[in-house]
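Encoded as C-alpha cells, the structure appears first; notes follow it.
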Amino acid sequence: MNINKNYLNLKDSYLFSKIAQKVSEYKTQNPSKEIIRLGIGDVTLPLAPVVVRAMSAAAQEMGRAETFRGYGEEQGYSFLRQALCGYYKNKNVLLEETEIFVSDGAKSDLGNILDIFDADNTVLIPDPVYPAYVDTNIMCGRKIIYAAGGVENNFLPLPDKNIKADIIYLCSPNNPTGAVYDKASLKLWVDYALQNAAVILFDGAYEAFIRDKDLPTSIYQIEGAKKCAIEFCSLSKTAGFTGTRCGYTIVPHELLAGDVPLNKFYLRRQTTKFNGVSYIVQRGAEAVFSPEGLAQNKENINYYMANAQIIAAALGAADIWFTGGKNSPYIWFKCPGKLSSWDFFDKLLGEAGVVGTPGVGFGAQGEGFFRLTAFGNRENIIKATEKLRALLLKF
Ligand code: PLP
C-alpha cells in the first residue's frame with residue numbers, strides 16, 4: 001500500500017486550534033473576565049421561519065407511505081434547481097436546470113470539482129483567501145502560484161498576462177478581506193481565462209451580502225463568463241445553513257475543454273461519487289428562494305451588515321486602513337503600530353478580551369492584517385467594538 005504522498009506536503013492547519021489554545025490559556029489566567037468572539041465565520045441567527053416550516057412539512061411527507069421518497073436525482077430535485085434558475089433570472093443570468101448541481105455545501109464542491117482536471121494544471125490562487133483552495137490542490141500535487149493581494153490593489157489582484165495559469169480561483173466577496181470585484185475587474189479575469197483557455201472557479205459564497213447594485217453577484221453577469229467559469233455558491237451564510245448543509249455549483253453547457261463539455265464530466269463525477277442532498281434539506285433550500293424566504297433572510301443579512309457597520313465605523317474613526325464590511329460580513333484591517341497578525345491577536349485578547357482571526361492564517365500576504373466577522377449578536381458587537389476602540393486609542 002502506498003499513500004498519496006502529496007498529503008505530506010500539507011501544512012498543519014493550526015490557525016483555529018492555535019486560537020482555541022490561546023483563548024483557553026487566557027480563560028485560565030483570567031477566570032472572571034468576559035471573552036467576546038468575533039473570529040469565527042459561523043452564523044448565529046436561527047433559520048428563517050419559512051425554511052423551518054418547509055423542512056417540517058417535508059419530514060412529515062417522509063413519514064407517510066404515499067409521499068415517502070428514497071434516492072433522488074444526484075444533481076438535486078427539479079423543484080430546487082428551478083427555484084435557483086428563478087433566483088438567477090433576477091440577476092439577469094439565464095440558466096438551464098441541467099447546469100446546476102445541488103450539493104451539501106460549497107466546501108465539498110470546491111474540492112470535488114478538482115476530480116475533472118488534470119494534475120498537471122497550474123493553479124492560480126489569490127493570497128489571502130479561504131484556505132481550502134490551497135489545501136485541496138496540494139492534496140493532488142498541483143503546482144500553485146499566487147496572485148498577491150495588498151493595500152495597493154485593495155486585496156483584489158488582477159490578471160498578469162506574463163503569468164500562465166490553467167485554473168484560477170476567485171472569491172468575491174472575498175473571505176477573509178471582504179473585498180468585492182467590480183464588473184470591469186472581473187471582465188479582465190474573464191478575458192484572461194478565455195485567452196489562456198483557462199477555467200475560473202468563482203466562489204460566490206457571500207454574494208447575498210452585496211448591497212451595492214453596481215457590483216456583480218454572479219460571474220455570469222460578465223460577458224463571456226459562461227465559456228470559462230464555474231460558479232460555487234452556498235446557503236451557509238445566505239440563509240444560515242452552516243449546520244443544515246446545502247450549496248450548489250453551476251457548470252454551464254457552453255464551458256468546453258477543447259470539444260469536451262465540462263458539464264458532462266462533472267455530471268459523471270457526481271452521479272458516480274455522490275447520492276444527492278436529503279429531500280428535507282432541499283425543501284428547506286427551495287423555501288430560501290421563495291419571496292418570503294428571500295425577505296426573511298434579507299432581514300438576517302441586514303442585521304449582520306448593521307453589525308459590520310458598527311465595527312467599520314470604529315476603525316474609520318481610529319484612522320485604521322480597512323476593507324470589507326460594506327458588501328460582506330468580513331472586516332479586514334491593518335494591525336495598528338505595525339504589529340504582526342499574531343501580536344495584535346494577543347493584544348486584542350489580552351487587553352480587550354476580544355477574539356479575532358490573524359490575517360496571516362489566510363496566506364502570507366495576510367501578515368500584518370486582521371479579520372473580524374459581523375456574525376455575532378448586536379450586544380456583543382457593541383461591547384467588543386467599544387473595547388477595540390479603546391485599544392486602538394493607545395496606538
Ligand atoms: N467558500 C468560502 C469563501 C467560505 O468562506 C466558506 C465557508 O466559510 C465556504 C466556501 C464553505 O461553505 P459551505 O458551508 O457551503 O461548505
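Chain lettering (A, B, ...) mirrors the order of the C-alpha cells, residue numbering begins at 1 for each chain separately, and ligand numbering begins at 1 in order of display.
Residues of region 240-304 of chain A that DSSP places in strand (DSSP E), based on the backbone of this structure, are Gly247, Tyr248, Thr249, Ile250, Leu256, Ala257, Val260 and Pro261 of chain A.
Around ligand 1, the neighbouring residues within 6 Å, taking only C-alpha atoms and all ligand atoms, come to Gly41, Gly105, Ala106, Lys107, Tyr130, Asn175, Asp203, Ala205, Ser234, Ser236, Thr242 and Gly247 of chain A.
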> Quick one: of A:Lys33, A:Lys326, A:Arg53, A:Arg268, who's nearest to Val281 (chain A), counting only C-alpha atoms?
Replying inline: A:Arg53
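Between CA of Tyr304 (chain A) and CA of Asn377 (chain A) the interatomic distance comes to 8.2 Å.
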> Quick one, how far is CA of Leu348 (chain A) from CA of Phe209 (chain A)?
Replying inline: 26.8 Å
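Neighbours of Pro46 (chain A) closer than or equal to 12 Å, with only C-alpha atoms counted and sequence neighbours fewer than 3 positions away skipped, come out as Asp42, Val43, Pro49, Val50, Val51, Val52, Ser236, Lys237, Thr238, Ala239, Gly240, Phe241, Thr242, Gly243, Thr244, Gln296, Asn297, Glu299, Asn300, Ile301, Phe375 and Asn377 of chain A.
Across the structure, CA of Phe322 (chain A) and CA of Lys334 (chain A) are spaced 6.3 Å apart.
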>> With DSSP run on the backbone, what are the alpha helix (DSSP H) residues within region 307-386 of chain A? I'd like them as a ChimeraX atom specification.
In response: /A:307-317,341-352,378-386
Please provide the set of residues having any atom within 8 Å of region 82-87 of chain A, restricted to only C-alpha atoms, with same-chain residues fewer than 4 positions apart removed, written as an mmCIF file with N, CA, C and O atoms, in the first residue's frame.
```cif
data_model
loop_
_atom_site.group_PDB
_atom_site.id
_atom_site.type_symbol
_atom_site.label_atom_id
_atom_site.label_comp_id
_atom_site.auth_asym_id
_atom_site.auth_seq_id
_atom_site.Cartn_x
_atom_site.Cartn_y
_atom_site.Cartn_z
ATOM 1 N N SER A 78 -35.663 18.763 -9.129
ATOM 2 C CA SER A 78 -36.017 19.788 -10.101
ATOM 3 C C SER A 78 -36.624 21.021 -9.411
ATOM 4 O O SER A 78 -36.356 22.154 -9.804
ATOM 5 N N LYS A 91 -31.085 38.032 -11.480
ATOM 6 C CA LYS A 91 -29.760 38.659 -11.631
ATOM 7 C C LYS A 91 -29.463 38.862 -13.114
ATOM 8 O O LYS A 91 -28.303 39.078 -13.494
ATOM 9 N N LEU A 94 -29.451 33.760 -17.266
ATOM 10 C CA LEU A 94 -30.357 32.680 -17.651
ATOM 11 C C LEU A 94 -29.618 31.347 -17.560
ATOM 12 O O LEU A 94 -28.583 31.164 -18.197
ATOM 13 N N LEU A 95 -30.152 30.460 -16.726
ATOM 14 C CA LEU A 95 -29.522 29.145 -16.548
ATOM 15 C C LEU A 95 -30.508 28.060 -16.933
ATOM 16 O O LEU A 95 -31.726 28.239 -16.806
ATOM 17 N N GLU A 96 -29.959 26.931 -17.359
ATOM 18 C CA GLU A 96 -30.798 25.747 -17.537
ATOM 19 C C GLU A 96 -30.655 24.897 -16.286
ATOM 20 O O GLU A 96 -29.568 24.860 -15.680
ATOM 21 N N GLU A 97 -31.736 24.218 -15.967
ATOM 22 C CA GLU A 97 -31.740 23.367 -14.770
ATOM 23 C C GLU A 97 -30.540 22.406 -14.765
ATOM 24 O O GLU A 97 -29.924 22.153 -13.730
ATOM 25 N N GLU A 286 -35.340 25.220 -1.094
ATOM 26 C CA GLU A 286 -36.314 25.793 -2.043
ATOM 27 C C GLU A 286 -37.015 26.994 -1.394
ATOM 28 O O GLU A 286 -37.198 28.045 -2.024
ATOM 29 N N PHE A 289 -35.456 30.454 -1.497
ATOM 30 C CA PHE A 289 -35.557 31.262 -2.719
ATOM 31 C C PHE A 289 -36.987 31.680 -3.046
ATOM 32 O O PHE A 289 -37.250 32.242 -4.106
ATOM 33 N N SER A 290 -37.936 31.387 -2.128
ATOM 34 C CA SER A 290 -39.306 31.886 -2.303
ATOM 35 C C SER A 290 -39.298 33.367 -1.915
ATOM 36 O O SER A 290 -38.397 33.814 -1.190
#
```
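Closest approach to Met62 (chain A) from the set A:Trp189, A:Tyr181, A:Tyr279, A:Phe117 is made by A:Tyr279, with distances taken over only C-alpha atoms.
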